[in-house]
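Peer 1: Below you will find the structure I want to go over with you.
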Amino acid sequence: QLDASGLYNVGGNFSVRGHLDVAALEQALDLIVSRHAVLRTVYGQRNGEPFQTVRTDARLVLDRFDVDGDSADREAQWQRISAEYASRPFDLASDLMIRAGLVAYAEDEMRLMIHMHHIASDGWSLSVFIRELNQLYNGLREGRAVSLAPLPMQYHDYARWQHATCRRGDEFVGWEFWRDYLAD
């Protein structure tokens, strides 16, 4: 199931100046992916019925791009890479719901691209992701033991709770409204 539009991608680009410990960044990204099951969940169809599976073998590979030339040429390359990366579709049946890329201008100047599918992230959760990435990266870079507070629940726990609270007997509250509203 390919989301070919790229319209449901959320994320952003971040400038990195100074020395970047790429190994610590990769390890921090992997820790976040292993922490949040929704980033490892894939969505498929079997006999026309949707299903989801949480991958246990997930590892985020940091895509790397090098740009060179004068500053105008590097900026043009950056614009092209950034636009393509932001709009690249996710294969919902096999991809992690996150990707990260690093564009290197020089040894001490890079741009980090983080994009997630909206099925797994929104603006609020992106801010949580960035906060966790900063904590993990800084601790790993400094050689400190880093631990984040345990998650009180995974997203699927929240979805089950929301599903249960939206049911009234055998009906979904608001079903008629949304069916009529979205009919066309």
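Lettering and numbering for the structure tokens are positional, with chains as A, B, ... in the shown order, residues counted from 1 in each chain, and ligands counted from 1 in the shown order.
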Report the residues of segment 38-78 of chain A whose backbone DSSP state falls under strand (DSSP E), written as a PDB file with C-alpha atoms, in the first residue's frame.

Peer 2:
```pdb
ATOM      1  CA  THR A  41       4.065  -0.376  12.609  1.00  0.00           C
ATOM      2  CA  VAL A  42       3.313  -1.356   9.018  1.00  0.00           C
ATOM      3  CA  TYR A  43      -0.129  -1.451   7.448  1.00  0.00           C
ATOM      4  CA  GLY A  44      -1.258  -3.947   4.872  1.00  0.00           C
ATOM      5  CA  GLN A  45      -4.308  -5.623   3.410  1.00  0.00           C
ATOM      6  CA  ARG A  46      -5.236  -9.258   3.249  1.00  0.00           C
ATOM      7  CA  GLU A  49      -9.172  -6.333   5.069  1.00  0.00           C
ATOM      8  CA  PRO A  50      -6.653  -3.940   6.628  1.00  0.00           C
ATOM      9  CA  PHE A  51      -4.232  -5.155   9.266  1.00  0.00           C
ATOM     10  CA  GLN A  52      -1.250  -3.784  11.105  1.00  0.00           C
ATOM     11  CA  THR A  53       1.933  -5.399  12.322  1.00  0.00           C
ATOM     12  CA  VAL A  54       4.523  -3.966  14.692  1.00  0.00           C
ATOM     13  CA  LEU A  62      20.255   7.374   8.172  1.00  0.00           C
ATOM     14  CA  ASP A  63      20.271   8.428   4.513  1.00  0.00           C
ATOM     15  CA  ARG A  64      23.316  10.501   3.608  1.00  0.00           C
ATOM     16  CA  PHE A  65      23.793  13.100   0.911  1.00  0.00           C
ATOM     17  CA  ASP A  66      26.860  15.177   0.100  1.00  0.00           C
TER      18      ASP A  66
END
```

Peer 1: Which of these residues is nearest to Ile98 of chain A, using only C-alpha atoms: A:Thr56, A:Ser15, A:Asn47, A:Ser34?

Peer 2: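 When distances to Ile98 of chain A are compared using only C-alpha atoms, the smallest one comes from A:Ser34.
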
Peer 1: By how many Å are atom CA of Pro150 of chain A and atom CA of Tyr8 of chain A apart?

Peer 2: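 About the pair atom CA of Pro150 of chain A and atom CA of Tyr8 of chain A: they are 28.4 Å apart.
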
Peer 1: I'd like the neighbourhood of Met110 of chain A as a PyMOL selection string, where a residue qualifies if any of its atoms comes within 7 Å (using only C-alpha atoms), though same-chain residues fewer than 6 positions away should be ignored.

Peer 2: chain A and resi 15-17+102-104

Peer 1: Using only C-alpha atoms for the distances, tell me which of A:Ser127, A:Asn9, A:Asn134, A:Ser147 is nearest to Ser87 of chain A.

Peer 2: A:Asn9

Peer 1: Run DSSP on the backbone and grab whatever in segment 6-158 of chain A lands in alpha helix (DSSP H); send it over as a PyMOL selection string.

Peer 2: chain A and resi 22-35+71-87+123-141+155-158

Peer 1: So that I can see what lies close to Leu148 of chain A, please list as a compact mmCIF listing (two decimals) with C-alpha atoms, in the first residue's frame the residues with an atom at most 10 Å from it, counting only C-alpha atoms and leaving out residues fewer than 5 positions away in the same chain.

Peer 2:
```txt
# COMPACT_ATOMS: atom_id res chain seq x y z
CA ILE A 32 13.43 6.34 19.55
CA ARG A 35 10.72 3.12 22.04
CA GLU A 132 13.64 12.91 22.99
CA GLN A 135 18.08 14.23 25.19
CA LEU A 136 19.32 10.95 23.76
```

Peer 1: Which residue gives the smallest distance to Gln79 of chain A among A:Gly48, A:Ser125, A:Arg40, A:Asn13, with only C-alpha atoms counted?

Peer 2: A:Asn13

Peer 1: Go through A:Glu26, A:Asp57, A:Asp68, A:Asp180 and flag the residue nearest Glu107 of chain A, using only C-alpha atoms for the distances.

Peer 2: A:Asp68

Peer 1: Using only C-alpha atoms, which protein or nucleic acid residues come within 6 Å of Ala24 of chain A? Drop anything in the same chain fewer than 6 positions from it, and give the result as a PyMOL selection string.

Peer 2: chain A and resi 137+140-141

Peer 1: Produce a file of the selected residues containing N, CA, C and O atoms, as a compact mmCIF listing (two decimals), in the first residue's frame.

Peer 2:
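Printed below is result.txt as written:
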```
# COMPACT_ATOMS: atom_id res chain seq x y z
N TYR A 137 20.61 12.13 22.06
CA TYR A 137 21.83 12.47 21.33
C TYR A 137 22.85 13.12 22.26
O TYR A 137 24.02 12.72 22.27
N LEU A 140 24.32 10.51 24.68
CA LEU A 140 25.19 9.55 24.00
C LEU A 140 26.49 10.22 23.54
O LEU A 140 27.58 9.63 23.66
N ARG A 141 26.38 11.44 23.03
CA ARG A 141 27.57 12.17 22.57
C ARG A 141 28.53 12.42 23.72
O ARG A 141 29.75 12.38 23.55
```

Peer 1: For Leu96 of chain A, find every residue with an atom within 12 Å (counting only C-alpha atoms), except residues of its own chain fewer than 2 positions away, and show them as a PyMOL selection string.

Peer 2: chain A and resi 30+33-34+36-43+53-61+89-94+98-100+115-117+119-120
